[in-house]
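S.K.: Provided herewith: model_32.pdb, PDB, C-alpha atoms and all ligand atoms.
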MODEL        1
ATOM      1  CA  MET L   1      62.090 124.992 171.314
ATOM      2  CA  LYS L   2      62.787 128.349 169.647
ATOM      3  CA  LYS L   3      66.367 129.120 170.588
ATOM      4  CA  ILE L   4      69.397 127.031 171.584
ATOM      5  CA  ALA L   5      73.097 127.635 172.255
ATOM      6  CA  VAL L   6      76.222 125.662 171.421
ATOM      7  CA  LEU L   7      79.676 125.682 173.034
ATOM      8  CA  THR L   8      82.968 123.798 172.939
ATOM      9  CA  SER L   9      84.834 123.128 176.153
ATOM     10  CA  GLY L  10      87.939 121.354 177.488
ATOM     11  CA  GLY L  11      90.770 120.277 175.196
ATOM     12  CA  ASP L  12      89.950 121.022 171.565
ATOM     13  CA  SER L  13      89.825 118.247 168.970
ATOM     14  CA  PRO L  14      89.812 118.161 165.163
ATOM     15  CA  GLY L  15      86.204 117.984 163.985
ATOM     16  CA  MET L  16      84.744 120.288 166.622
ATOM     17  CA  ASN L  17      84.141 122.886 163.903
ATOM     18  CA  ALA L  18      82.340 120.317 161.780
ATOM     19  CA  ALA L  19      80.112 119.574 164.784
ATOM     20  CA  ILE L  20      79.391 123.280 165.372
ATOM     21  CA  ARG L  21      78.467 123.638 161.704
ATOM     22  CA  ALA L  22      76.129 120.648 161.893
ATOM     23  CA  VAL L  23      74.446 121.969 165.049
ATOM     24  CA  VAL L  24      73.893 125.408 163.521
ATOM     25  CA  ARG L  25      72.631 124.147 160.186
ATOM     26  CA  SER L  26      70.364 121.516 161.622
ATOM     27  CA  ALA L  27      68.889 124.013 164.096
ATOM     28  CA  VAL L  28      68.190 126.498 161.311
ATOM     29  CA  PHE L  29      66.747 123.675 159.199
ATOM     30  CA  HIS L  30      64.286 123.013 162.048
ATOM     31  CA  ASP L  31      63.492 126.751 162.484
ATOM     32  CA  VAL L  32      65.400 127.064 165.736
ATOM     33  CA  GLU L  33      67.626 130.084 166.384
ATOM     34  CA  VAL L  34      71.230 129.326 167.496
ATOM     35  CA  CYS L  35      73.732 131.258 169.600
ATOM     36  CA  GLY L  36      77.414 130.418 169.767
ATOM     37  CA  VAL L  37      78.914 130.687 173.256
ATOM     38  CA  PHE L  38      82.573 131.750 173.241
ATOM     39  CA  GLN L  39      85.343 130.341 175.485
ATOM     40  CA  GLY L  40      83.383 127.338 176.716
ATOM     41  CA  TYR L  41      81.693 127.600 180.111
ATOM     42  CA  GLN L  42      83.493 130.889 180.767
ATOM     43  CA  GLY L  43      81.412 132.423 177.986
ATOM     44  CA  LEU L  44      78.272 131.008 179.537
ATOM     45  CA  VAL L  45      79.100 132.626 182.885
ATOM     46  CA  ASP L  46      80.035 135.938 181.206
ATOM     47  CA  GLY L  47      77.162 135.931 178.694
ATOM     48  CA  ASP L  48      79.566 135.908 175.736
ATOM     49  CA  PHE L  49      76.983 134.888 173.106
ATOM     50  CA  LYS L  50      76.664 135.597 169.417
ATOM     51  CA  LYS L  51      73.878 134.662 167.048
ATOM     52  CA  LEU L  52      75.087 132.208 164.407
ATOM     53  CA  HIS L  53      73.639 132.015 160.920
ATOM     54  CA  VAL L  54      73.940 129.372 158.250
ATOM     55  CA  ARG L  55      76.770 131.372 156.671
ATOM     56  CA  SER L  56      78.562 131.985 160.011
ATOM     57  CA  VAL L  57      79.690 128.377 159.808
ATOM     58  CA  ALA L  58      80.694 128.363 156.132
ATOM     59  CA  LYS L  59      84.117 126.875 155.288
ATOM     60  CA  ILE L  60      84.854 125.539 158.750
ATOM     61  CA  LEU L  61      84.055 121.892 158.031
ATOM     62  CA  GLY L  62      87.685 121.043 157.265
ATOM     63  CA  ARG L  63      89.352 123.326 159.816
ATOM     64  CA  GLY L  64      90.987 122.097 163.019
ATOM     65  CA  GLY L  65      90.446 123.826 166.381
ATOM     66  CA  THR L  66      87.171 125.466 167.307
ATOM     67  CA  ILE L  67      85.824 128.801 166.050
ATOM     68  CA  LEU L  68      84.012 129.163 169.395
ATOM     69  CA  LYS L  69      87.318 128.793 171.306
ATOM     70  CA  SER L  70      87.656 126.590 174.323
ATOM     71  CA  ALA L  71      88.643 127.110 177.941
ATOM     72  CA  ARG L  72      88.698 125.429 181.296
ATOM     73  CA  CYS L  73      86.505 127.468 183.663
ATOM     74  CA  ASP L  74      86.942 127.293 187.449
ATOM     75  CA  GLU L  75      83.904 129.509 188.080
ATOM     76  CA  PHE L  76      81.573 127.042 186.369
ATOM     77  CA  ARG L  77      82.781 124.350 188.773
ATOM     78  CA  THR L  78      80.964 126.233 191.564
ATOM     79  CA  VAL L  79      77.211 126.324 192.323
ATOM     80  CA  GLU L  80      77.297 130.138 192.095
ATOM     81  CA  GLY L  81      79.051 130.061 188.723
ATOM     82  CA  ARG L  82      76.458 127.695 187.293
ATOM     83  CA  ALA L  83      73.611 129.851 188.675
ATOM     84  CA  LYS L  84      75.162 132.837 186.914
ATOM     85  CA  ALA L  85      75.405 130.857 183.668
ATOM     86  CA  PHE L  86      71.764 129.765 184.007
ATOM     87  CA  SER L  87      70.584 133.340 184.435
ATOM     88  CA  LYS L  88      72.591 134.417 181.344
ATOM     89  CA  LEU L  89      70.868 131.669 179.337
ATOM     90  CA  LYS L  90      67.450 132.780 180.638
ATOM     91  CA  ASP L  91      68.187 136.457 179.861
ATOM     92  CA  GLN L  92      68.745 135.465 176.235
ATOM     93  CA  ASN L  93      65.614 133.244 176.119
ATOM     94  CA  ILE L  94      67.779 130.239 175.344
ATOM     95  CA  GLU L  95      65.890 127.008 175.965
ATOM     96  CA  GLY L  96      68.481 124.321 175.305
ATOM     97  CA  LEU L  97      72.246 123.850 175.123
ATOM     98  CA  VAL L  98      74.558 121.628 173.072
ATOM     99  CA  VAL L  99      77.993 121.089 174.638
ATOM    100  CA  ILE L 100      80.860 119.621 172.643
ATOM    101  CA  GLY L 101      83.709 118.197 174.699
ATOM    102  CA  GLY L 102      84.887 115.385 176.947
ATOM    103  CA  ASN L 103      84.237 114.157 180.458
ATOM    104  CA  GLY L 104      84.941 117.484 182.210
ATOM    105  CA  THR L 105      82.510 119.199 179.860
ATOM    106  CA  PHE L 106      79.830 116.593 180.527
ATOM    107  CA  THR L 107      80.308 116.800 184.288
ATOM    108  CA  GLY L 108      79.541 120.534 184.090
ATOM    109  CA  ALA L 109      76.539 119.943 181.819
ATOM    110  CA  MET L 110      75.152 117.318 184.176
ATOM    111  CA  LYS L 111      75.337 119.740 187.098
ATOM    112  CA  LEU L 112      73.654 122.492 185.100
ATOM    113  CA  PHE L 113      70.801 120.101 184.406
ATOM    114  CA  GLU L 114      70.581 118.798 187.987
ATOM    115  CA  GLU L 115      70.585 122.246 189.591
ATOM    116  CA  HIS L 116      68.467 124.170 187.076
ATOM    117  CA  ALA L 117      66.646 121.514 185.006
ATOM    118  CA  PHE L 118      68.190 123.154 181.959
ATOM    119  CA  PRO L 119      67.953 120.935 178.828
ATOM    120  CA  VAL L 120      71.412 119.964 177.631
ATOM    121  CA  ILE L 121      72.808 117.414 175.165
ATOM    122  CA  GLY L 122      76.483 116.489 174.778
ATOM    123  CA  ILE L 123      78.518 115.675 171.682
ATOM    124  CA  PRO L 124      81.721 113.689 172.384
ATOM    125  CA  GLY L 125      84.656 115.818 171.213
ATOM    126  CA  THR L 126      88.069 114.728 172.500
ATOM    127  CA  ILE L 127      91.066 113.024 170.930
ATOM    128  CA  ASP L 128      91.273 110.636 173.890
ATOM    129  CA  ASN L 129      88.285 108.404 172.988
ATOM    130  CA  ASP L 130      87.633 107.983 176.702
ATOM    131  CA  LEU L 131      83.832 108.127 176.837
ATOM    132  CA  ALA L 132      81.442 105.203 177.099
ATOM    133  CA  GLY L 133      78.443 105.177 174.735
ATOM    134  CA  THR L 134      80.258 105.875 171.481
ATOM    135  CA  ASP L 135      82.773 103.834 169.494
ATOM    136  CA  ASN L 136      84.681 106.967 168.561
ATOM    137  CA  THR L 137      84.865 110.482 169.882
ATOM    138  CA  ILE L 138      85.290 113.343 167.416
ATOM    139  CA  GLY L 139      89.005 113.972 166.839
ATOM    140  CA  PHE L 140      90.304 110.556 167.808
ATOM    141  CA  ASP L 141      90.652 109.345 164.216
ATOM    142  CA  THR L 142      92.463 112.505 163.121
ATOM    143  CA  ALA L 143      94.816 112.471 166.113
ATOM    144  CA  THR L 144      95.689 108.823 165.527
ATOM    145  CA  ASN L 145      96.411 109.511 161.861
ATOM    146  CA  THR L 146      98.602 112.443 162.868
ATOM    147  CA  VAL L 147     100.578 110.145 165.165
ATOM    148  CA  VAL L 148     100.938 107.530 162.431
ATOM    149  CA  GLU L 149     102.253 110.133 159.993
ATOM    150  CA  ALA L 150     104.780 111.389 162.550
ATOM    151  CA  VAL L 151     105.939 107.912 163.577
ATOM    152  CA  ASP L 152     106.402 106.884 159.933
ATOM    153  CA  LYS L 153     108.813 109.817 159.609
ATOM    154  CA  ILE L 154     110.605 108.927 162.822
ATOM    155  CA  ARG L 155     110.925 105.363 161.524
ATOM    156  CA  ASP L 156     112.879 106.611 158.494
ATOM    157  CA  THR L 157     115.575 108.209 160.608
ATOM    158  CA  ALA L 158     115.471 105.437 163.243
ATOM    159  CA  ASP L 159     116.162 102.912 160.517
ATOM    160  CA  SER L 160     118.993 104.914 158.950
ATOM    161  CA  HIS L 161     120.836 104.983 162.270
ATOM    162  CA  ASN L 162     119.746 101.613 163.700
ATOM    163  CA  ARG L 163     118.200 103.449 166.639
ATOM    164  CA  LEU L 164     115.580 102.805 169.247
ATOM    165  CA  PHE L 165     112.949 105.550 169.580
ATOM    166  CA  PHE L 166     110.544 106.147 172.425
ATOM    167  CA  VAL L 167     107.589 108.145 171.098
ATOM    168  CA  GLU L 168     105.188 109.596 173.650
ATOM    169  CA  VAL L 169     101.591 110.145 172.573
ATOM    170  CA  MET L 170      98.587 111.697 174.302
ATOM    171  CA  GLY L 171      96.031 109.774 176.311
ATOM    172  CA  ARG L 172      95.771 110.813 179.913
ATOM    173  CA  ASP L 173      93.554 107.948 180.998
ATOM    174  CA  ASN L 174      93.819 105.290 178.318
ATOM    175  CA  GLY L 175      95.999 103.902 175.555
ATOM    176  CA  PHE L 176      93.623 104.240 172.596
ATOM    177  CA  ILE L 177      95.903 106.460 170.542
ATOM    178  CA  ALA L 178      98.995 104.522 171.635
ATOM    179  CA  LEU L 179      97.634 101.088 170.759
ATOM    180  CA  ARG L 180      95.987 101.956 167.468
ATOM    181  CA  ALA L 181      99.038 103.936 166.326
ATOM    182  CA  GLY L 182     101.333 101.185 167.615
ATOM    183  CA  ILE L 183      99.586  98.606 165.436
ATOM    184  CA  ALA L 184      99.514 100.949 162.443
ATOM    185  CA  THR L 185     103.245 101.756 162.642
ATOM    186  CA  GLY L 186     104.557  98.336 163.598
ATOM    187  CA  ALA L 187     105.863  99.413 167.001
ATOM    188  CA  ILE L 188     107.916  96.798 168.822
ATOM    189  CA  ALA L 189     106.019  97.590 172.024
ATOM    190  CA  VAL L 190     103.240  99.804 173.315
ATOM    191  CA  MET L 191     103.517 100.974 176.891
ATOM    192  CA  SER L 192     100.082 101.821 178.244
ATOM    193  CA  ARG L 193      97.840 100.848 181.129
ATOM    194  CA  GLU L 194      96.186  98.221 178.935
ATOM    195  CA  THR L 195      99.366  96.437 177.789
ATOM    196  CA  ASN L 196     100.641  96.393 181.342
ATOM    197  CA  LEU L 197     104.279  95.705 180.357
ATOM    198  CA  SER L 198     106.920  96.363 182.994
ATOM    199  CA  ASP L 199     110.272  97.966 182.150
ATOM    200  CA  ASP L 200     111.853  94.522 182.566
ATOM    201  CA  ASP L 201     109.337  93.048 180.099
ATOM    202  CA  LEU L 202     110.257  95.810 177.682
ATOM    203  CA  VAL L 203     113.979  95.083 177.994
ATOM    204  CA  GLN L 204     113.252  91.452 177.135
ATOM    205  CA  VAL L 205     111.087  92.398 174.155
ATOM    206  CA  LEU L 206     113.866  94.663 172.867
ATOM    207  CA  ALA L 207     116.483  91.935 173.312
ATOM    208  CA  ALA L 208     114.297  89.499 171.379
ATOM    209  CA  GLY L 209     114.009  92.095 168.634
ATOM    210  CA  GLN L 210     117.785  92.380 168.446
ATOM    211  CA  ARG L 211     118.203  88.617 168.311
ATOM    212  CA  SER L 212     115.759  88.466 165.408
ATOM    213  CA  LYS L 213     117.788  91.184 163.620
ATOM    214  CA  LYS L 214     115.470  94.187 163.918
ATOM    215  CA  SER L 215     117.551  97.135 162.774
ATOM    216  CA  SER L 216     115.390  99.859 164.330
ATOM    217  CA  SER L 217     112.570  99.895 166.830
ATOM    218  CA  ILE L 218     109.763 102.172 167.884
ATOM    219  CA  VAL L 219     108.246 102.006 171.359
ATOM    220  CA  ILE L 220     104.995 103.947 171.697
ATOM    221  CA  VAL L 221     104.430 105.320 175.187
ATOM    222  CA  ALA L 222     101.013 106.568 176.308
ATOM    223  CA  GLU L 223     101.421 109.711 178.404
ATOM    224  CA  GLY L 224      99.171 108.179 181.060
ATOM    225  CA  CYS L 225     101.159 104.967 181.447
ATOM    226  CA  GLU L 226     102.468 104.090 184.877
ATOM    227  CA  TYR L 227     106.045 105.145 183.994
ATOM    228  CA  GLY L 228     105.025 108.772 183.665
ATOM    229  CA  GLY L 229     106.107 109.225 180.047
ATOM    230  CA  ALA L 230     108.800 108.484 177.475
ATOM    231  CA  TYR L 231     111.718 110.261 179.187
ATOM    232  CA  GLU L 232     111.245 108.383 182.447
ATOM    233  CA  LEU L 233     110.841 105.053 180.698
ATOM    234  CA  ALA L 234     113.908 105.588 178.501
ATOM    235  CA  LYS L 235     115.926 106.422 181.615
ATOM    236  CA  LYS L 236     114.849 103.118 183.191
ATOM    237  CA  VAL L 237     115.774 101.126 180.085
ATOM    238  CA  LYS L 238     119.154 102.898 179.853
ATOM    239  CA  SER L 239     119.879 101.961 183.450
ATOM    240  CA  LYS L 240     119.335  98.285 182.613
ATOM    241  CA  THR L 241     121.086  97.927 179.278
ATOM    242  CA  ASP L 242     123.488  99.902 177.101
ATOM    243  CA  LEU L 243     122.733  97.913 173.971
ATOM    244  CA  TYR L 244     120.685 100.637 172.310
ATOM    245  CA  ASP L 245     121.219 104.071 170.863
ATOM    246  CA  ILE L 246     118.046 105.668 172.254
ATOM    247  CA  ARG L 247     116.225 108.825 171.145
ATOM    248  CA  ILE L 248     112.980 110.274 172.485
ATOM    249  CA  THR L 249     110.180 112.219 170.782
ATOM    250  CA  VAL L 250     107.185 113.674 172.620
ATOM    251  CA  LEU L 251     104.519 114.473 170.032
ATOM    252  CA  GLY L 252     102.500 116.716 172.374
ATOM    253  CA  HIS L 253      99.853 119.130 171.192
ATOM    254  CA  LEU L 254     100.439 118.703 167.494
ATOM    255  CA  GLN L 255      98.140 115.698 167.982
ATOM    256  CA  ARG L 256      95.259 118.066 168.761
ATOM    257  CA  GLY L 257      95.535 120.174 165.619
ATOM    258  CA  GLY L 258      95.111 119.782 161.889
ATOM    259  CA  ALA L 259      92.315 119.233 159.420
ATOM    260  CA  PRO L 260      89.868 116.540 160.536
ATOM    261  CA  THR L 261      89.840 113.292 158.579
ATOM    262  CA  CYS L 262      86.817 112.267 156.520
ATOM    263  CA  ALA L 263      85.757 109.904 159.323
ATOM    264  CA  ASP L 264      85.799 112.718 161.888
ATOM    265  CA  ARG L 265      83.946 115.137 159.597
ATOM    266  CA  VAL L 266      81.202 112.597 158.979
ATOM    267  CA  LEU L 267      81.001 111.591 162.642
ATOM    268  CA  ALA L 268      80.769 115.247 163.714
ATOM    269  CA  SER L 269      78.121 115.969 161.104
ATOM    270  CA  ARG L 270      75.958 113.012 162.125
ATOM    271  CA  LEU L 271      76.251 113.752 165.833
ATOM    272  CA  GLY L 272      75.620 117.481 165.365
ATOM    273  CA  VAL L 273      72.355 116.895 163.504
ATOM    274  CA  GLU L 274      71.193 114.237 165.950
ATOM    275  CA  ALA L 275      72.068 116.333 169.009
ATOM    276  CA  VAL L 276      69.789 119.142 167.845
ATOM    277  CA  GLU L 277      66.967 116.762 166.989
ATOM    278  CA  ALA L 278      67.307 115.026 170.365
ATOM    279  CA  LEU L 279      67.115 118.389 172.148
ATOM    280  CA  ILE L 280      64.048 119.428 170.138
ATOM    281  CA  ASN L 281      62.446 116.081 171.001
ATOM    282  CA  GLY L 282      62.841 116.722 174.706
ATOM    283  CA  LYS L 283      65.947 114.610 175.414
ATOM    284  CA  THR L 284      68.339 115.999 177.986
ATOM    285  CA  ASN L 285      71.191 115.179 180.384
ATOM    286  CA  CYS L 286      72.775 112.772 177.918
ATOM    287  CA  MET L 287      75.396 112.355 175.233
ATOM    288  CA  ILE L 288      74.722 111.357 171.649
ATOM    289  CA  GLY L 289      77.086 108.713 170.294
ATOM    290  CA  ILE L 290      77.387 106.024 167.650
ATOM    291  CA  VAL L 291      77.800 102.369 168.620
ATOM    292  CA  ASN L 292      78.062  99.734 165.874
ATOM    293  CA  ASP L 293      76.977 102.408 163.405
ATOM    294  CA  GLU L 294      73.776 103.099 165.327
ATOM    295  CA  LEU L 295      72.971 106.365 167.036
ATOM    296  CA  ARG L 296      72.638 106.036 170.771
ATOM    297  CA  LEU L 297      71.856 108.320 173.698
ATOM    298  CA  THR L 298      73.777 107.625 176.913
ATOM    299  CA  SER L 299      73.224 109.491 180.165
ATOM    300  CA  PHE L 300      76.100 111.824 181.035
ATOM    301  CA  VAL L 301      76.830 109.864 184.165
ATOM    302  CA  ASP L 302      77.155 106.601 182.226
ATOM    303  CA  ALA L 303      79.223 108.211 179.479
ATOM    304  CA  ILE L 304      81.669 109.492 182.082
ATOM    305  CA  GLU L 305      81.691 106.613 184.550
ATOM    306  CA  ASN L 306      81.059 103.427 182.578
ATOM    307  CA  LYS L 307      83.909 101.402 181.210
ATOM    308  CA  VAL L 308      85.002 102.506 177.751
ATOM    309  CA  HIS L 309      84.966  99.623 175.272
ATOM    310  CA  SER L 310      87.822  97.187 175.692
ATOM    311  CA  LEU L 311      91.214  97.381 174.031
ATOM    312  CA  ASP L 312      91.994  93.701 174.690
ATOM    313  CA  ASP L 313      91.947  92.829 171.016
ATOM    314  CA  GLU L 314      94.366  95.643 170.157
ATOM    315  CA  VAL L 315      96.699  94.535 172.957
ATOM    316  CA  ARG L 316      96.740  90.984 171.580
ATOM    317  CA  ILE L 317      97.217  92.042 167.946
ATOM    318  CA  ALA L 318      99.998  94.483 168.823
ATOM    319  CA  ARG L 319     101.836  91.769 170.737
ATOM    320  CA  ILE L 320     101.495  89.098 168.027
ATOM    321  CA  LEU L 321     102.562  91.376 165.169
ATOM    322  CA  SER L 322     105.579  92.879 166.900
ATOM    323  CA  ILE L 323     107.665  89.677 167.047
TER     324      ILE L 323
HETATM  325  O1  LIG X 401      92.380 116.540 174.998
HETATM  326  C1  LIG X 401      92.760 115.605 175.942
HETATM  327  C2  LIG X 401      94.228 115.674 176.143
HETATM  328  O2  LIG X 401      94.726 115.610 174.863
HETATM  329  C3  LIG X 401      94.936 114.652 177.016
HETATM  330  O3  LIG X 401      95.317 113.474 176.358
HETATM  331  C4  LIG X 401      96.116 115.454 177.514
HETATM  332  O4  LIG X 401      96.596 114.952 178.725
HETATM  333  C5  LIG X 401      95.508 116.794 177.721
HETATM  334  O5  LIG X 401      94.548 116.919 176.696
HETATM  335  C6  LIG X 401      96.423 117.979 177.721
HETATM  336  O6  LIG X 401      95.634 119.120 177.608
HETATM  337  P1  LIG X 401      95.965 120.585 178.068
HETATM  338  O7  LIG X 401      97.367 120.859 177.681
HETATM  339  O8  LIG X 401      94.971 121.405 177.331
HETATM  340  O9  LIG X 401      95.754 120.624 179.532
ENDMDL
END
Produce structure tokens that represent the structure in this file.

M.R.:
Amino acid sequence: MKKIAVLTSGGDSPGMNAAIRAVVRSAVFHDVEVCGVFQGYQGLVDGDFKKLHVRSVAKILGRGGTILKSARCDEFRTVEGRAKAFSKLKDQNIEGLVVIGGNGTFTGAMKLFEEHAFPVIGIPGTIDNDLAGTDNTIGFDTATNTVVEAVDKIRDTADSHNRLFFVEVMGRDNGFIALRAGIATGAIAVMSRETNLSDDDLVQVLAAGQRSKKSSSIVIVAEGCEYGGAYELAKKVKSKTDLYDIRITVLGHLQRGGAPTCADRVLASRLGVEAVEALINGKTNCMIGIVNDELRLTSFVDAIENKVHSLDDEVRIARILSI
């Protein structure tokens, strides 16, 4: 393999730049030329490529976002769009592709491989940690730390006023951020698909907290929980009891920004190097991940469709420690 390309796609996550840097440097180390593709799959369809050198990726290791930009691309969802992207790759003599992103990104990569037999390896980059075949996705650790920092601040004011706060965090399909941050901030309850608490259960938990003299309380709400978010849930609780002075904070996209933590920088660096080596060694149509500190390749289809590792332990711990 003489020339490869790298792109970031879908929602950005802190550590994507560290992964791009690792891909570029490890490719150059192995005498392979690298092109950056701008704006995700849109750049592939449009042929928006630029050669990257070792120094093109200097000083990005600790920067949030992605220097290659990211986009959601409707054209690449079509057979014609992918054929166009394939011909742009061929025109540039590119022989392999590294995609950094989440399940939408991997679905596109899988189709590119199936329709054109184009070699492609994925690196898991999403704050949601919703891929099977890796213990952590790049950005999850940073996002969770960002939430913890924010909730610690909210706790200060909640405590001063004896208030109840509903804090909504990201996680479209799972409660990874919600549960980990809930444990780390001592939330009285975490509302996510995994904890499966009803609004009535929550009212009881809150009442028990009052009886045991809790002066302030934080409820972490995963955006993907069945109540549709913190505002809706707070409305339900208000309709059932007027015991609490309730405030709501939706943390939103600040969870996607910021400098990656050490854990995310190291994870991105390891996965970036391994992705390039896997591609050079003829691996394709799969994601590189780390499970129990061991590198592992998982087919795209399994990474997207298999069950992500269980949060049962977190659910139990959160419940026990919130009494
Ligand atoms: O990156 C994944 C994610 O953070 C989800 O948790 C959230 O629902 C979504 O992105 C929002 O992304 P956007 O605003 O880019 O559509």

S.K.: Of the candidates L:Met191, L:Ala181, L:Val6, L:Ile100, which shows the shortest atom-to-atom distance to Phe38 of chain L, using all atoms listed in the file?

M.R.: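 When distances to Phe38 of chain L are compared using all atoms listed in the file, the smallest one comes from L:Val6.
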
S.K.: Measuring atom to atom with all atoms listed in the file, identify which of L:Leu251, L:Ile320, L:Ala117, L:Leu164 is nearest to Phe86 of chain L.

M.R.: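 The closest residue to Phe86 of chain L is L:Ala117.
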
S.K.: Nearest residue to ligand LIG 401 (chain X) out of L:Leu52, L:Ala178, L:Val32, L:Leu7, using only C-alpha atoms and all ligand atoms?

M.R.: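 Ranked by minimum distance to ligand LIG 401 (chain X), first place goes to L:Ala178.
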
S.K.: Quick one: apply the PyMOL selection byres (((not hetatm)) within 9 of (chain X and resi 401)) to the file and drop the selected residues here as a list of chain:residue names.

M.R.: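 When the PyMOL selection byres (((not hetatm)) within 9 of (chain X and resi 401)) is applied to the shown file, the picked residues are L:Gly10, L:Gly11, L:Asp12, L:Ser13, L:Ala71, L:Arg72, L:Gly101, L:Gly102, L:Gly125, L:Thr126, L:Ile127, L:Asp128, L:Asn129, L:Val169, L:Met170, L:Gly171, L:Arg172, L:Asp173, L:Asn174, L:Ala222, L:Glu223, L:Gly224, L:Gly252, L:His253, L:Gln255, L:Arg256.
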
S.K.: Interatomic distance between atom CA of Leu297 of chain L and atom CA of Gln92 of chain L?

M.R.: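 According to the coordinates, atom CA of Leu297 of chain L and atom CA of Gln92 of chain L are separated by 27.4 Å.
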
S.K.: Using all atoms listed in the file, which residues sit within 12 Å of His309 of chain L once same-chain residues fewer than 3 positions away are excluded, as an NGL selection string?

M.R.: :L and (129-136 or 174-176 or 194 or 291-292 or 303 or 306 or 312-314)

S.K.: With C-alpha atoms retained, could you export that selection as a compact mmCIF listing (two decimals), in the frame of the given file?

M.R.:
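As a result, result_38.txt now contains:
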# COMPACT_ATOMS: atom_id res chain seq x y z
CA ASN L 129 88.28 108.40 172.99
CA ASP L 130 87.63 107.98 176.70
CA LEU L 131 83.83 108.13 176.84
CA ALA L 132 81.44 105.20 177.10
CA GLY L 133 78.44 105.18 174.74
CA THR L 134 80.26 105.88 171.48
CA ASP L 135 82.77 103.83 169.49
CA ASN L 136 84.68 106.97 168.56
CA ASN L 174 93.82 105.29 178.32
CA GLY L 175 96.00 103.90 175.56
CA PHE L 176 93.62 104.24 172.60
CA GLU L 194 96.19 98.22 178.94
CA VAL L 291 77.80 102.37 168.62
CA ASN L 292 78.06 99.73 165.87
CA ALA L 303 79.22 108.21 179.48
CA ASN L 306 81.06 103.43 182.58
CA ASP L 312 91.99 93.70 174.69
CA ASP L 313 91.95 92.83 171.02
CA GLU L 314 94.37 95.64 170.16

S.K.: Kindly provide the residues of segment 71-157 of chain L that approach segment 199-218 of chain L to within 9 Å, each paired with its closest atom pair and their distance in Å to one decimal, based on only C-alpha atoms, listed by chain and increasing number, as JSON lines.

M.R.:
{"residue": "L:Val151", "atom": "CA", "partner": "L:Ile218", "partner_atom": "CA", "distance": 8.1}
{"residue": "L:Ile154", "atom": "CA", "partner": "L:Ile218", "partner_atom": "CA", "distance": 8.5}
{"residue": "L:Arg155", "atom": "CA", "partner": "L:Ile218", "partner_atom": "CA", "distance": 7.2}

S.K.: So that I can see what lies close to Ala27 of chain L, please list as a list of chain:residue names the residues with an atom at most 12 Å from it, counting all atoms listed in the file and leaving out residues fewer than 6 positions away in the same chain.

M.R.: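 With the cut-off at 12 Å, the set is L:Met1, L:Lys2, L:Lys3, L:Ile4, L:Ala5, L:Val6, L:Ile20, L:Arg21, L:Glu33, L:Val34, L:Cys35, L:Leu52, L:His53, L:Val54, L:Gly96, L:Leu97, L:Val98, L:Gly272, L:Val273, L:Glu274, L:Ala275, L:Val276, L:Glu277, L:Ala278, L:Leu279, L:Ile280.
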
S.K.: So how far away is atom CA of Gly258 of chain L from atom CA of Asp156 of chain L, in Å?

M.R.: 22.4 Å

S.K.: Residue by residue, what does the PyMOL selection byres (((chain L and resi 39) around 7) and not hetatm) grab here? Present the result as a PDB file with C-alpha atoms, keeping the file's coordinate frame.

M.R.:
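File written: selection_9.pdb
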ATOM      1  CA  VAL L  37      78.914 130.687 173.256  1.00  0.00           C
ATOM      2  CA  PHE L  38      82.573 131.750 173.241  1.00  0.00           C
ATOM      3  CA  GLY L  40      83.383 127.338 176.716  1.00  0.00           C
ATOM      4  CA  TYR L  41      81.693 127.600 180.111  1.00  0.00           C
ATOM      5  CA  GLN L  42      83.493 130.889 180.767  1.00  0.00           C
ATOM      6  CA  GLY L  43      81.412 132.423 177.986  1.00  0.00           C
ATOM      7  CA  LEU L  68      84.012 129.163 169.395  1.00  0.00           C
ATOM      8  CA  LYS L  69      87.318 128.793 171.306  1.00  0.00           C
ATOM      9  CA  SER L  70      87.656 126.590 174.323  1.00  0.00           C
ATOM     10  CA  ALA L  71      88.643 127.110 177.941  1.00  0.00           C
TER      11      ALA L  71
END

S.K.: Please determine, counting only C-alpha atoms, which residue among L:Ser299, L:Asn103, L:Ser26, L:Asn145 has the shortest atom-to-atom distance to Gly182 of chain L.

M.R.: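 With only C-alpha atoms as the atom set, the closest residue is L:Asn145.
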
S.K.: Exactly which residues make up the result of the PyMOL selection byres (((chain L and resi 56) around 10) and not hetatm) on this file, given as a ChimeraX atom specification?

M.R.: /L:21,24-25,36,51-55,57-60,67

S.K.: So how many Å separate atom CA of Asp91 of chain L and atom CA of Leu271 of chain L, to one decimal?

M.R.: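 A separation of 27.9 Å between them.
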
S.K.: Extract, using all atoms listed in the file, all DNA, RNA and protein residues at most 7 Å from segment 263-268 of chain L, discarding same-chain residues fewer than 4 positions from it, and format them as a VMD selection string.

M.R.: chain L and resid 15 18 to 19 61 138 to 139 141 to 142 272
